[in-house]
>>> print(open('target.cif').read())   # mmCIF, C-alpha atoms and all ligand atoms
data_input
loop_
_atom_site.group_PDB
_atom_site.id
_atom_site.type_symbol
_atom_site.label_atom_id
_atom_site.label_comp_id
_atom_site.auth_asym_id
_atom_site.auth_seq_id
_atom_site.Cartn_x
_atom_site.Cartn_y
_atom_site.Cartn_z
ATOM 1 C CA MET A 671 -17.037 -23.145 -0.327
ATOM 2 C CA ASN A 672 -15.039 -25.560 1.768
ATOM 3 C CA ALA A 673 -13.797 -24.988 5.280
ATOM 4 C CA MET A 674 -10.349 -23.980 4.071
ATOM 5 C CA THR A 675 -11.490 -20.865 2.195
ATOM 6 C CA ALA A 676 -11.030 -17.577 3.976
ATOM 7 C CA PHE A 677 -13.604 -15.484 2.167
ATOM 8 C CA SER A 678 -17.271 -15.600 2.951
ATOM 9 C CA LEU A 679 -19.901 -12.951 2.378
ATOM 10 C CA ASN A 680 -21.576 -13.879 5.639
ATOM 11 C CA GLY A 681 -22.179 -17.332 4.257
ATOM 12 C CA ALA A 682 -23.899 -15.961 1.137
ATOM 13 C CA ALA A 683 -23.966 -17.832 -2.162
ATOM 14 C CA PRO A 684 -20.773 -17.955 -4.254
ATOM 15 C CA LEU A 685 -20.140 -14.822 -6.317
ATOM 16 C CA ALA A 686 -22.089 -15.430 -9.525
ATOM 17 C CA ASN A 687 -20.779 -12.732 -11.850
ATOM 18 C CA ALA A 688 -18.433 -9.756 -12.284
ATOM 19 C CA ASP A 689 -20.807 -7.255 -10.691
ATOM 20 C CA GLU A 690 -21.157 -9.372 -7.575
ATOM 21 C CA LEU A 691 -17.382 -9.622 -7.468
ATOM 22 C CA GLU A 692 -16.990 -5.842 -7.624
ATOM 23 C CA ALA A 693 -19.574 -5.374 -4.876
ATOM 24 C CA ALA A 694 -17.727 -7.890 -2.679
ATOM 25 C CA LEU A 695 -14.383 -6.159 -3.292
ATOM 26 C CA ARG A 696 -15.844 -2.788 -2.330
ATOM 27 C CA GLN A 697 -17.324 -4.351 0.791
ATOM 28 C CA ILE A 698 -13.915 -5.736 1.755
ATOM 29 C CA GLY A 699 -12.344 -2.302 1.264
ATOM 30 C CA ALA A 700 -15.036 -0.611 3.346
ATOM 31 C CA ALA A 701 -14.482 -3.045 6.205
ATOM 32 C CA ARG A 702 -10.728 -3.660 6.084
ATOM 33 C CA TYR A 703 -8.777 -0.869 4.383
ATOM 34 C CA HIS A 704 -6.140 0.793 6.568
ATOM 35 C CA ASN A 705 -7.889 4.177 6.489
ATOM 36 C CA LEU A 706 -9.751 2.664 9.482
ATOM 37 C CA HIS A 707 -6.587 1.964 11.473
ATOM 38 C CA PRO A 708 -6.163 3.962 14.721
ATOM 39 C CA PHE A 709 -2.624 4.973 13.706
ATOM 40 C CA HIS A 710 -3.992 6.765 10.625
ATOM 41 C CA ARG A 711 -6.600 8.526 12.745
ATOM 42 C CA LEU A 712 -3.748 9.840 14.922
ATOM 43 C CA LEU A 713 -1.534 10.747 11.928
ATOM 44 C CA HIS A 714 -4.205 12.651 10.035
ATOM 45 C CA GLY A 715 -5.737 14.229 13.106
ATOM 46 C CA GLY A 716 -2.501 15.929 14.184
ATOM 47 C CA LYS A 717 -2.158 13.752 17.264
ATOM 48 C CA LEU A 718 1.395 12.512 16.662
ATOM 49 C CA ASN A 719 4.640 14.259 17.484
ATOM 50 C CA LYS A 720 7.361 14.807 14.893
ATOM 51 C CA GLY A 721 9.318 11.703 15.926
ATOM 52 C CA GLN A 722 6.244 9.514 15.444
ATOM 53 C CA VAL A 723 5.601 11.020 11.999
ATOM 54 C CA GLN A 724 9.268 10.403 11.143
ATOM 55 C CA ALA A 725 8.878 6.745 12.184
ATOM 56 C CA TRP A 726 5.852 6.365 9.911
ATOM 57 C CA ALA A 727 7.625 7.929 6.888
ATOM 58 C CA LEU A 728 10.810 5.927 7.504
ATOM 59 C CA ASN A 729 8.938 2.625 7.629
ATOM 60 C CA ARG A 730 6.716 3.500 4.651
ATOM 61 C CA TYR A 731 9.868 4.028 2.602
ATOM 62 C CA TYR A 732 10.380 0.264 2.651
ATOM 63 C CA TYR A 733 6.904 -0.223 1.155
ATOM 64 C CA GLN A 734 7.528 2.472 -1.462
ATOM 65 C CA SER A 735 10.880 1.107 -2.507
ATOM 66 C CA SER A 736 9.555 -2.469 -2.714
ATOM 67 C CA ILE A 737 6.557 -1.600 -4.924
ATOM 68 C CA PRO A 738 8.561 -1.414 -8.188
ATOM 69 C CA ILE A 739 10.247 -4.718 -7.265
ATOM 70 C CA LYS A 740 6.796 -6.196 -6.690
ATOM 71 C CA ASP A 741 5.629 -4.807 -10.033
ATOM 72 C CA ALA A 742 8.649 -6.265 -11.826
ATOM 73 C CA VAL A 743 7.669 -9.649 -10.368
ATOM 74 C CA VAL A 744 4.063 -9.146 -11.525
ATOM 75 C CA ILE A 745 5.320 -8.437 -15.053
ATOM 76 C CA SER A 746 7.448 -11.584 -14.946
ATOM 77 C CA ARG A 747 4.285 -13.646 -14.428
ATOM 78 C CA PHE A 748 2.780 -12.688 -17.794
ATOM 79 C CA ARG A 749 3.653 -14.181 -21.140
ATOM 80 C CA ASP A 750 0.953 -11.900 -22.555
ATOM 81 C CA ARG A 751 2.758 -8.856 -23.935
ATOM 82 C CA ALA A 752 -0.225 -6.497 -23.689
ATOM 83 C CA THR A 753 -0.456 -6.985 -19.920
ATOM 84 C CA ARG A 754 3.286 -6.425 -19.481
ATOM 85 C CA VAL A 755 3.095 -3.233 -21.545
ATOM 86 C CA GLU A 756 0.160 -1.965 -19.484
ATOM 87 C CA TRP A 757 1.842 -2.780 -16.163
ATOM 88 C CA ARG A 758 5.306 -1.375 -16.796
ATOM 89 C CA HIS A 759 4.412 2.306 -16.322
ATOM 90 C CA ARG A 760 3.960 1.473 -12.634
ATOM 91 C CA ILE A 761 7.682 0.839 -12.355
ATOM 92 C CA GLU A 762 8.406 4.173 -14.052
ATOM 93 C CA ASP A 763 5.925 5.948 -11.761
ATOM 94 C CA HIS A 764 8.023 4.900 -8.775
ATOM 95 C CA ASP A 765 11.535 4.686 -10.171
ATOM 96 C CA GLY A 766 11.320 7.633 -12.576
ATOM 97 C CA ASP A 767 13.855 7.618 -15.383
ATOM 98 C CA LEU A 768 16.925 9.554 -16.473
ATOM 99 C CA SER A 769 14.964 12.741 -17.106
ATOM 100 C CA SER A 770 12.117 12.595 -14.597
ATOM 101 C CA GLU A 771 11.670 12.194 -10.892
ATOM 102 C CA GLY A 772 9.757 9.178 -9.617
ATOM 103 C CA GLY A 773 7.757 8.375 -6.496
ATOM 104 C CA ILE A 774 10.738 7.071 -4.539
ATOM 105 C CA GLU A 775 12.540 10.404 -4.930
ATOM 106 C CA ARG A 776 9.366 12.216 -3.931
ATOM 107 C CA TRP A 777 9.144 10.009 -0.855
ATOM 108 C CA LEU A 778 12.724 10.932 0.054
ATOM 109 C CA LYS A 779 11.690 14.598 -0.155
ATOM 110 C CA LEU A 780 9.127 13.812 2.497
ATOM 111 C CA THR A 781 11.573 12.023 4.801
ATOM 112 C CA GLU A 782 14.217 14.720 4.233
ATOM 113 C CA GLY A 783 11.653 17.452 4.911
ATOM 114 C CA LEU A 784 10.848 15.685 8.162
ATOM 115 C CA GLY A 785 14.527 15.882 9.114
ATOM 116 C CA LEU A 786 15.683 12.333 8.362
ATOM 117 C CA ASP A 787 18.995 11.618 6.678
ATOM 118 C CA SER A 788 18.308 10.073 3.241
ATOM 119 C CA ALA A 789 21.213 7.627 3.427
ATOM 120 C CA TYR A 790 19.778 6.280 6.689
ATOM 121 C CA VAL A 791 16.286 6.034 5.186
ATOM 122 C CA GLU A 792 17.563 4.276 2.047
ATOM 123 C CA SER A 793 19.596 1.825 4.117
ATOM 124 C CA THR A 794 16.259 0.624 5.675
ATOM 125 C CA GLN A 795 18.295 -0.199 8.790
ATOM 126 C CA GLY A 796 15.912 1.454 11.212
ATOM 127 C CA ILE A 797 12.639 -0.076 10.044
ATOM 128 C CA LEU A 798 10.542 -2.338 12.240
ATOM 129 C CA PRO A 799 10.887 -6.106 11.785
ATOM 130 C CA ALA A 800 7.148 -6.323 11.070
ATOM 131 C CA THR A 801 7.423 -3.755 8.273
ATOM 132 C CA ARG A 802 9.996 -5.914 6.516
ATOM 133 C CA PHE A 803 8.044 -9.128 7.037
ATOM 134 C CA ALA A 804 4.762 -7.633 5.838
ATOM 135 C CA VAL A 805 6.180 -5.926 2.754
ATOM 136 C CA ASP A 806 8.274 -8.954 1.785
ATOM 137 C CA ALA A 807 5.150 -11.093 2.105
ATOM 138 C CA TYR A 808 3.501 -8.925 -0.554
ATOM 139 C CA VAL A 809 6.410 -9.435 -2.980
ATOM 140 C CA HIS A 810 6.345 -13.185 -2.295
ATOM 141 C CA PHE A 811 2.578 -13.320 -2.762
ATOM 142 C CA VAL A 812 2.757 -11.993 -6.333
ATOM 143 C CA ARG A 813 5.609 -14.420 -7.038
ATOM 144 C CA ASP A 814 3.884 -17.501 -5.649
ATOM 145 C CA ARG A 815 0.171 -17.092 -6.407
ATOM 146 C CA THR A 816 -1.601 -17.065 -9.756
ATOM 147 C CA PRO A 817 -1.179 -14.053 -12.076
ATOM 148 C CA LEU A 818 -4.863 -13.249 -11.442
ATOM 149 C CA GLU A 819 -4.247 -13.097 -7.664
ATOM 150 C CA ALA A 820 -1.086 -11.046 -8.257
ATOM 151 C CA ILE A 821 -3.115 -8.382 -10.049
ATOM 152 C CA ALA A 822 -5.961 -8.620 -7.533
ATOM 153 C CA SER A 823 -3.611 -7.900 -4.647
ATOM 154 C CA SER A 824 -3.055 -4.377 -6.007
ATOM 155 C CA LEU A 825 -6.773 -3.577 -5.655
ATOM 156 C CA THR A 826 -6.327 -1.764 -2.354
ATOM 157 C CA GLU A 827 -5.437 1.149 -4.641
ATOM 158 C CA LEU A 828 -9.165 1.510 -5.340
ATOM 159 C CA PHE A 829 -9.460 2.954 -1.857
ATOM 160 C CA ALA A 830 -6.203 4.944 -1.697
ATOM 161 C CA PRO A 831 -7.225 8.291 -3.296
ATOM 162 C CA ASN A 832 -9.755 9.158 -0.557
ATOM 163 C CA LEU A 833 -7.137 8.354 2.034
ATOM 164 C CA HIS A 834 -4.499 10.459 0.286
ATOM 165 C CA GLU A 835 -6.897 13.447 0.119
ATOM 166 C CA GLU A 836 -7.558 13.073 3.833
ATOM 167 C CA ARG A 837 -3.831 12.756 4.569
ATOM 168 C CA ILE A 838 -2.793 15.822 2.547
ATOM 169 C CA ALA A 839 -5.469 18.009 4.144
ATOM 170 C CA GLY A 840 -4.996 16.640 7.664
ATOM 171 C CA MET A 841 -1.212 16.770 7.791
ATOM 172 C CA LEU A 842 -1.010 20.255 6.255
ATOM 173 C CA ALA A 843 -3.606 21.556 8.692
ATOM 174 C CA HIS A 844 -2.147 20.024 11.822
ATOM 175 C CA TYR A 845 1.651 19.897 11.611
ATOM 176 C CA ASP A 846 3.864 22.985 11.349
ATOM 177 C CA PHE A 847 6.724 20.781 10.085
ATOM 178 C CA VAL A 848 4.710 19.706 6.994
ATOM 179 C CA ASN A 849 4.370 21.819 3.814
ATOM 180 C CA PRO A 850 2.884 21.220 0.322
ATOM 181 C CA GLU A 851 6.318 20.592 -1.215
ATOM 182 C CA ILE A 852 7.062 17.572 0.969
ATOM 183 C CA MET A 853 3.536 16.199 0.410
ATOM 184 C CA SER A 854 4.024 16.134 -3.389
ATOM 185 C CA TYR A 855 4.215 12.320 -3.377
ATOM 186 C CA PHE A 856 0.551 12.060 -2.408
ATOM 187 C CA LYS A 857 -0.633 14.766 -4.813
ATOM 188 C CA ARG A 858 0.929 12.809 -7.667
ATOM 189 C CA ARG A 859 -0.664 9.540 -6.551
ATOM 190 C CA LEU A 860 -4.087 11.185 -6.822
ATOM 191 C CA GLU A 861 -3.591 11.080 -10.615
ATOM 192 C CA GLN A 862 -1.742 7.751 -10.832
ATOM 193 C CA ALA A 863 -3.716 5.475 -8.498
ATOM 194 C CA PRO A 864 -7.156 5.712 -10.188
ATOM 195 C CA ARG A 865 -5.761 4.643 -13.549
ATOM 196 C CA ASP A 866 -3.950 1.689 -11.962
ATOM 197 C CA ALA A 867 -6.916 0.654 -9.850
ATOM 198 C CA ASN A 868 -9.352 0.832 -12.764
ATOM 199 C CA PHE A 869 -7.125 -1.350 -14.919
ATOM 200 C CA ALA A 870 -6.806 -3.953 -12.155
ATOM 201 C CA LEU A 871 -10.541 -3.928 -11.428
ATOM 202 C CA THR A 872 -11.461 -4.341 -15.103
ATOM 203 C CA TYR A 873 -8.858 -7.101 -15.391
ATOM 204 C CA VAL A 874 -10.158 -9.187 -12.496
ATOM 205 C CA LYS A 875 -13.776 -8.697 -13.563
ATOM 206 C CA GLN A 876 -12.927 -10.052 -17.020
ATOM 207 C CA HIS A 877 -10.544 -12.815 -16.025
ATOM 208 C CA ALA A 878 -12.109 -14.261 -12.871
ATOM 209 C CA THR A 879 -14.686 -16.369 -14.682
ATOM 210 C CA THR A 880 -15.595 -18.973 -12.050
ATOM 211 C CA PRO A 881 -16.886 -18.598 -8.471
ATOM 212 C CA ALA A 882 -13.611 -20.113 -7.221
ATOM 213 C CA GLU A 883 -11.557 -17.531 -9.113
ATOM 214 C CA ARG A 884 -13.763 -14.682 -7.839
ATOM 215 C CA GLU A 885 -13.241 -15.979 -4.321
ATOM 216 C CA ALA A 886 -9.469 -16.108 -4.891
ATOM 217 C CA VAL A 887 -9.574 -12.470 -6.038
ATOM 218 C CA CYS A 888 -11.414 -11.471 -2.860
ATOM 219 C CA ASN A 889 -8.917 -13.365 -0.717
ATOM 220 C CA ALA A 890 -6.014 -11.647 -2.487
ATOM 221 C CA LEU A 891 -7.515 -8.286 -1.570
ATOM 222 C CA ILE A 892 -8.023 -9.426 2.033
ATOM 223 C CA PHE A 893 -4.401 -10.568 2.149
ATOM 224 C CA LYS A 894 -3.263 -7.146 0.935
ATOM 225 C CA THR A 895 -5.405 -5.255 3.442
ATOM 226 C CA ASN A 896 -3.671 -7.382 6.080
ATOM 227 C CA VAL A 897 -0.231 -6.429 4.702
ATOM 228 C CA LEU A 898 -1.154 -2.760 5.147
ATOM 229 C CA TRP A 899 -2.858 -3.224 8.525
ATOM 230 C CA ALA A 900 0.035 -5.184 10.034
ATOM 231 C CA GLN A 901 2.448 -2.343 9.213
ATOM 232 C CA LEU A 902 0.321 0.152 11.146
ATOM 233 C CA ASP A 903 -0.187 -2.255 14.059
ATOM 234 C CA ALA A 904 3.597 -2.475 14.353
ATOM 235 C CA LEU A 905 4.023 1.312 14.199
ATOM 236 C CA HIS A 906 1.365 1.791 16.860
ATOM 237 C CA HIS A 907 2.908 -0.802 19.153
ATOM 238 C CA ALA A 908 6.407 0.659 18.790
ATOM 239 C CA TYR A 909 5.825 4.415 18.641
ATOM 240 C CA VAL A 910 2.470 5.029 20.352
ATOM 241 C CA ASP A 911 2.576 2.294 22.998
ATOM 242 C CA GLY A 912 6.355 2.745 23.324
ATOM 243 C CA HIS A 913 7.689 -0.739 22.601
ATOM 244 C CA ILE A 914 10.454 0.036 20.116
ATOM 245 C CA PRO A 915 12.191 -3.202 19.042
ATOM 246 C CA PRO A 916 15.988 -3.496 19.349
ATOM 247 C CA GLY A 917 17.762 -1.836 16.437
ATOM 248 C CA ALA A 918 14.743 0.132 15.230
ATOM 249 C CA PHE A 919 14.674 3.918 14.755
ATOM 250 C CA VAL A 920 14.526 5.865 18.015
ATOM 251 C CA PRO A 921 13.186 9.423 17.585
ATOM 252 C CA GLN A 922 15.472 12.108 19.007
ATOM 253 C CA GLY A 923 14.304 13.329 22.358
ATOM 254 C CA SER A 924 12.581 10.084 23.297
HETATM 255 O O1 LIG B 1001 -0.712 5.802 1.332
HETATM 256 C C1 LIG B 1001 -1.372 4.783 1.239
HETATM 257 O O2 LIG B 1001 -2.202 4.455 2.078
HETATM 258 C C2 LIG B 1001 -1.148 3.877 0.071
HETATM 259 C C3 LIG B 1001 -1.777 2.676 -0.013
HETATM 260 C C4 LIG B 1001 -1.500 1.845 -1.098
HETATM 261 C C5 LIG B 1001 -2.267 0.598 -1.151
HETATM 262 O O3 LIG B 1001 -3.484 0.659 -0.921
HETATM 263 O O4 LIG B 1001 -1.699 -0.447 -1.367
HETATM 264 C C6 LIG B 1001 -0.544 2.225 -2.070
HETATM 265 C C7 LIG B 1001 0.003 3.498 -1.913
HETATM 266 N N1 LIG B 1001 -0.292 4.309 -0.879
HETATM 267 C C8 LIG B 1001 0.925 4.024 -2.863
HETATM 268 O O5 LIG B 1001 1.361 5.165 -2.725
HETATM 269 C C9 LIG B 1001 1.342 3.219 -3.945
HETATM 270 O O6 LIG B 1001 2.139 3.656 -4.773
HETATM 271 C C10 LIG B 1001 0.824 1.915 -4.062
HETATM 272 C C11 LIG B 1001 1.093 0.898 -4.978
HETATM 273 C C12 LIG B 1001 0.354 -0.173 -4.543
HETATM 274 C C13 LIG B 1001 0.303 -1.532 -5.094
HETATM 275 O O7 LIG B 1001 -0.238 -2.389 -4.402
HETATM 276 O O8 LIG B 1001 0.827 -1.765 -6.207
HETATM 277 N N2 LIG B 1001 -0.347 0.171 -3.452
HETATM 278 C C14 LIG B 1001 -0.083 1.438 -3.135
#
>>> encode(input="target.cif", output="structure tokens")
Amino acid sequence: MNAMTAFSLNGAAPLANADELEAALRQIGAARYHNLHPFHRLLHGGKLNKGQVQAWALNRYYYQSSIPIKDAVVISRFRDRATRVEWRHRIEDHDGDLSSEGGIERWLKLTEGLGLDSAYVESTQGILPATRFAVDAYVHFVRDRTPLEAIASSLTELFAPNLHEERIAGMLAHYDFVNPEIMSYFKRRLEQAPRDANFALTYVKQHATTPAEREAVCNALIFKTNVLWAQLDALHHAYVDGHIPPGAFVPQGS
């Protein structure tokens, strides 16, 4: 490894095979996934007020609505038809189609249930600058890096189901303004995310065939954990510490 590389397993030898790669990815998730962020501890522990929960859902809408755009870019990176065919259901999961509701509509049920006007949410006018920069960086990453890194950057989904379970239970238990209907987005992801994560994990294990490629896969996952972490840092700074940037959503009553 040269000095420019970001990933190091405490200076250990380069990752020699697919199993070592998987172990390294799981180690990165255990150390860096945003389940560990203080804002999530507050959200799931019932420590936020309704305005702070609204701010979280409003900002997360930008992530949700950018995911199918990101996935369309991922598809555009592959000349291999089989990979495109496998990946395209992700767009349908979020966008739905003429006869079925998708994740974006389910997310709008959440924001509406929290009392936010859907036109305002969809306009993305009130989101934090850092939300936009972080999410756009994810879309640009899959455009600019190798197809292998583009797929690897989705691997945070390996760690999402546990977090979604914790979120559903915690928010239903602690907030009287939350009910099972408005949490349906997360219930659905419990079925969708494992399939997606398993495909991506199998893909990178098969296609990262050199130590340098395995390292690039690990760095793509680190990049993505940073995309998620930066969004929560910004929410905490604005809505817990009270430094709301000009133009961003201001909860009523604050
Ligand atoms: O609530 C969460 O913490 C969370 C995290 C992630 C993730 O780890 O990137 C995703 C989602 N949710 C999610 O709902 C989702 O559809 C999704 C797609 C992707 C992706 O990178 O393609 N990540 C995530």
>>> resolve_selection(input="target.cif", expression="the PyMOL selection byres (((chain A and resi 722) around 9) and not hetatm)", output="PyMOL selection string")
chain A and resi 713+718-721+723-727+905+909-910+921
>>> resolve_selection(input="target.cif", expression="the PyMOL selection byres (((chain A and resi 777) around 9) and not hetatm)", output="PyMOL selection string")
chain A and resi 727+730-731+734+772-776+778-782+852-856
>>> atom_distance(input="target.cif", atom1="atom CA of A:Thr753", atom2="atom CA of A:Ala804")
26.3 Å
>>> closest_residue(input="target.cif", among="A:Ala904, A:Val812, A:Ala807, A:Leu825", to="ligand LIG 1001 (chain B)", atoms="all atoms listed in the file")
A:Leu825
>>> residues_near_ligand(input="target.cif", ligand="ligand LIG 1001 (chain B)", cutoff="9 Å", atoms="only C-alpha atoms and all ligand atoms", output="PDB file with C-alpha atoms, in the coordinates of the input")
ATOM      1  CA  TYR A 703      -8.777  -0.869   4.383  1.00  0.00           C
ATOM      2  CA  HIS A 704      -6.140   0.793   6.568  1.00  0.00           C
ATOM      3  CA  ASN A 705      -7.889   4.177   6.489  1.00  0.00           C
ATOM      4  CA  ARG A 730       6.716   3.500   4.651  1.00  0.00           C
ATOM      5  CA  TYR A 733       6.904  -0.223   1.155  1.00  0.00           C
ATOM      6  CA  GLN A 734       7.528   2.472  -1.462  1.00  0.00           C
ATOM      7  CA  ILE A 737       6.557  -1.600  -4.924  1.00  0.00           C
ATOM      8  CA  PRO A 738       8.561  -1.414  -8.188  1.00  0.00           C
ATOM      9  CA  LYS A 740       6.796  -6.196  -6.690  1.00  0.00           C
ATOM     10  CA  ASP A 741       5.629  -4.807 -10.033  1.00  0.00           C
ATOM     11  CA  ARG A 760       3.960   1.473 -12.634  1.00  0.00           C
ATOM     12  CA  ASP A 763       5.925   5.948 -11.761  1.00  0.00           C
ATOM     13  CA  HIS A 764       8.023   4.900  -8.775  1.00  0.00           C
ATOM     14  CA  GLY A 773       7.757   8.375  -6.496  1.00  0.00           C
ATOM     15  CA  TYR A 808       3.501  -8.925  -0.554  1.00  0.00           C
ATOM     16  CA  ILE A 821      -3.115  -8.382 -10.049  1.00  0.00           C
ATOM     17  CA  SER A 823      -3.611  -7.900  -4.647  1.00  0.00           C
ATOM     18  CA  SER A 824      -3.055  -4.377  -6.007  1.00  0.00           C
ATOM     19  CA  LEU A 825      -6.773  -3.577  -5.655  1.00  0.00           C
ATOM     20  CA  THR A 826      -6.327  -1.764  -2.354  1.00  0.00           C
ATOM     21  CA  GLU A 827      -5.437   1.149  -4.641  1.00  0.00           C
ATOM     22  CA  LEU A 828      -9.165   1.510  -5.340  1.00  0.00           C
ATOM     23  CA  PHE A 829      -9.460   2.954  -1.857  1.00  0.00           C
ATOM     24  CA  ALA A 830      -6.203   4.944  -1.697  1.00  0.00           C
ATOM     25  CA  PRO A 831      -7.225   8.291  -3.296  1.00  0.00           C
ATOM     26  CA  LEU A 833      -7.137   8.354   2.034  1.00  0.00           C
ATOM     27  CA  HIS A 834      -4.499  10.459   0.286  1.00  0.00           C
ATOM     28  CA  ARG A 837      -3.831  12.756   4.569  1.00  0.00           C
ATOM     29  CA  TYR A 855       4.215  12.320  -3.377  1.00  0.00           C
ATOM     30  CA  PHE A 856       0.551  12.060  -2.408  1.00  0.00           C
ATOM     31  CA  ARG A 859      -0.664   9.540  -6.551  1.00  0.00           C
ATOM     32  CA  GLN A 862      -1.742   7.751 -10.832  1.00  0.00           C
ATOM     33  CA  ALA A 863      -3.716   5.475  -8.498  1.00  0.00           C
ATOM     34  CA  ASP A 866      -3.950   1.689 -11.962  1.00  0.00           C
ATOM     35  CA  ALA A 867      -6.916   0.654  -9.850  1.00  0.00           C
ATOM     36  CA  LYS A 894      -3.263  -7.146   0.935  1.00  0.00           C
ATOM     37  CA  THR A 895      -5.405  -5.255   3.442  1.00  0.00           C
ATOM     38  CA  VAL A 897      -0.231  -6.429   4.702  1.00  0.00           C
ATOM     39  CA  LEU A 898      -1.154  -2.760   5.147  1.00  0.00           C
TER      40      LEU A 898
END
>>> closest_residue(input="target.cif", among="A:Ala918, A:Ile892, A:Ala908, A:Ala843", to="A:Ala700", atoms="all atoms listed in the file")
A:Ile892
>>> residues_around(input="target.cif", residues="A:Ala800", least_positions_apart="3", cutoff="10 Å", atoms="only C-alpha atoms", output="PDB file with C-alpha atoms, in the coordinates of the input")
ATOM      1  CA  ASN A 729       8.938   2.625   7.629  1.00  0.00           C
ATOM      2  CA  ILE A 797      12.639  -0.076  10.044  1.00  0.00           C
ATOM      3  CA  PHE A 803       8.044  -9.128   7.037  1.00  0.00           C
ATOM      4  CA  ALA A 804       4.762  -7.633   5.838  1.00  0.00           C
ATOM      5  CA  VAL A 805       6.180  -5.926   2.754  1.00  0.00           C
ATOM      6  CA  ASP A 806       8.274  -8.954   1.785  1.00  0.00           C
ATOM      7  CA  VAL A 897      -0.231  -6.429   4.702  1.00  0.00           C
ATOM      8  CA  ALA A 900       0.035  -5.184  10.034  1.00  0.00           C
ATOM      9  CA  GLN A 901       2.448  -2.343   9.213  1.00  0.00           C
ATOM     10  CA  LEU A 902       0.321   0.152  11.146  1.00  0.00           C
ATOM     11  CA  ASP A 903      -0.187  -2.255  14.059  1.00  0.00           C
ATOM     12  CA  ALA A 904       3.597  -2.475  14.353  1.00  0.00           C
ATOM     13  CA  LEU A 905       4.023   1.312  14.199  1.00  0.00           C
ATOM     14  CA  PRO A 915      12.191  -3.202  19.042  1.00  0.00           C
TER      15      PRO A 915
END
>>> resolve_selection(input="target.cif", expression="the PyMOL selection byres (((chain A and resi 881) around 9) and not hetatm)", output="VMD selection string")
chain A and resid 684 to 687 878 to 880 882 to 886
>>> atom_distance(input="target.cif", atom1="atom CA of A:Thr872", atom2="atom CA of A:Ser735")
26.2 Å
>>> atom_distance(input="target.cif", atom1="atom CA of A:Ala693", atom2="atom CA of A:Leu818")
17.9 Å
>>> closest_residue(input="target.cif", among="A:Pro817, A:Gly699, A:Leu712, A:Arg865", to="A:Arg749", atoms="all atoms listed in the file")
A:Pro817
>>> closest_residue(input="target.cif", among="A:Glu756, A:Glu692, A:Gly716, A:Arg711", to="A:Met841", atoms="only C-alpha atoms")
A:Gly716
>>> axis_aligned_box(input="target.cif", around="stretch 776-784 of chain A", padding_each_side="5 Å", output="lines of an AutoDock Vina configuration file")
center_x = 11.7
center_y = 13.7
center_z = 2.1
size_x = 15.1
size_y = 17.4
size_z = 22.1
>>> closest_residue(input="target.cif", among="A:Leu784, A:Leu706, A:Ile745, A:Ala822", to="A:Tyr845", atoms="only C-alpha atoms")
A:Leu784
>>> closest_residue(input="target.cif", among="A:Gln922, A:Ser769, A:Thr801, A:Gln876", to="A:Asn896", atoms="only C-alpha atoms")
A:Thr801
>>> decode(input="target.cif", residues="stretch 837-848 of chain A", atoms="N, CA and C atoms", output="JSON list (two decimals), in the first residue's frame")
[["chain", "number", "residue", "atom", "x", "y", "z"],
["A", 837, "ARG", "N", -35.03, 1.18, 14.46],
["A", 837, "ARG", "CA", -35.76, 2.43, 14.24],
["A", 837, "ARG", "C", -37.27, 2.22, 14.35],
["A", 838, "ILE", "N", -37.78, 1.15, 13.74],
["A", 838, "ILE", "CA", -39.22, 0.90, 13.79],
["A", 838, "ILE", "C", -39.65, 0.73, 15.26],
["A", 839, "ALA", "N", -38.93, -0.13, 15.98],
["A", 839, "ALA", "CA", -39.31, -0.39, 17.38],
["A", 839, "ALA", "C", -39.17, 0.87, 18.23],
["A", 840, "GLY", "N", -38.04, 1.57, 18.06],
["A", 840, "GLY", "CA", -37.77, 2.73, 18.92],
["A", 840, "GLY", "C", -38.73, 3.87, 18.66],
["A", 841, "MET", "N", -38.99, 4.17, 17.40],
["A", 841, "MET", "CA", -39.86, 5.32, 17.10],
["A", 841, "MET", "C", -41.31, 5.03, 17.47],
["A", 842, "LEU", "N", -41.75, 3.77, 17.25],
["A", 842, "LEU", "CA", -43.14, 3.44, 17.64],
["A", 842, "LEU", "C", -43.30, 3.49, 19.16],
["A", 843, "ALA", "N", -42.28, 3.07, 19.87],
["A", 843, "ALA", "CA", -42.38, 3.03, 21.33],
["A", 843, "ALA", "C", -42.34, 4.43, 21.94],
["A", 844, "HIS", "N", -41.59, 5.34, 21.31],
["A", 844, "HIS", "CA", -41.29, 6.59, 22.01],
["A", 844, "HIS", "C", -42.08, 7.82, 21.55],
["A", 845, "TYR", "N", -42.62, 7.79, 20.32],
["A", 845, "TYR", "CA", -43.24, 9.02, 19.82],
["A", 845, "TYR", "C", -44.73, 8.82, 19.60],
["A", 846, "ASP", "N", -45.57, 9.65, 20.21],
["A", 846, "ASP", "CA", -47.02, 9.48, 20.01],
["A", 846, "ASP", "C", -47.46, 9.96, 18.63],
["A", 847, "PHE", "N", -46.59, 10.67, 17.91],
["A", 847, "PHE", "CA", -46.95, 11.13, 16.56],
["A", 847, "PHE", "C", -46.49, 10.14, 15.48],
["A", 848, "VAL", "N", -46.01, 8.96, 15.88],
["A", 848, "VAL", "CA", -45.58, 7.94, 14.92],
["A", 848, "VAL", "C", -46.48, 6.73, 15.04]]
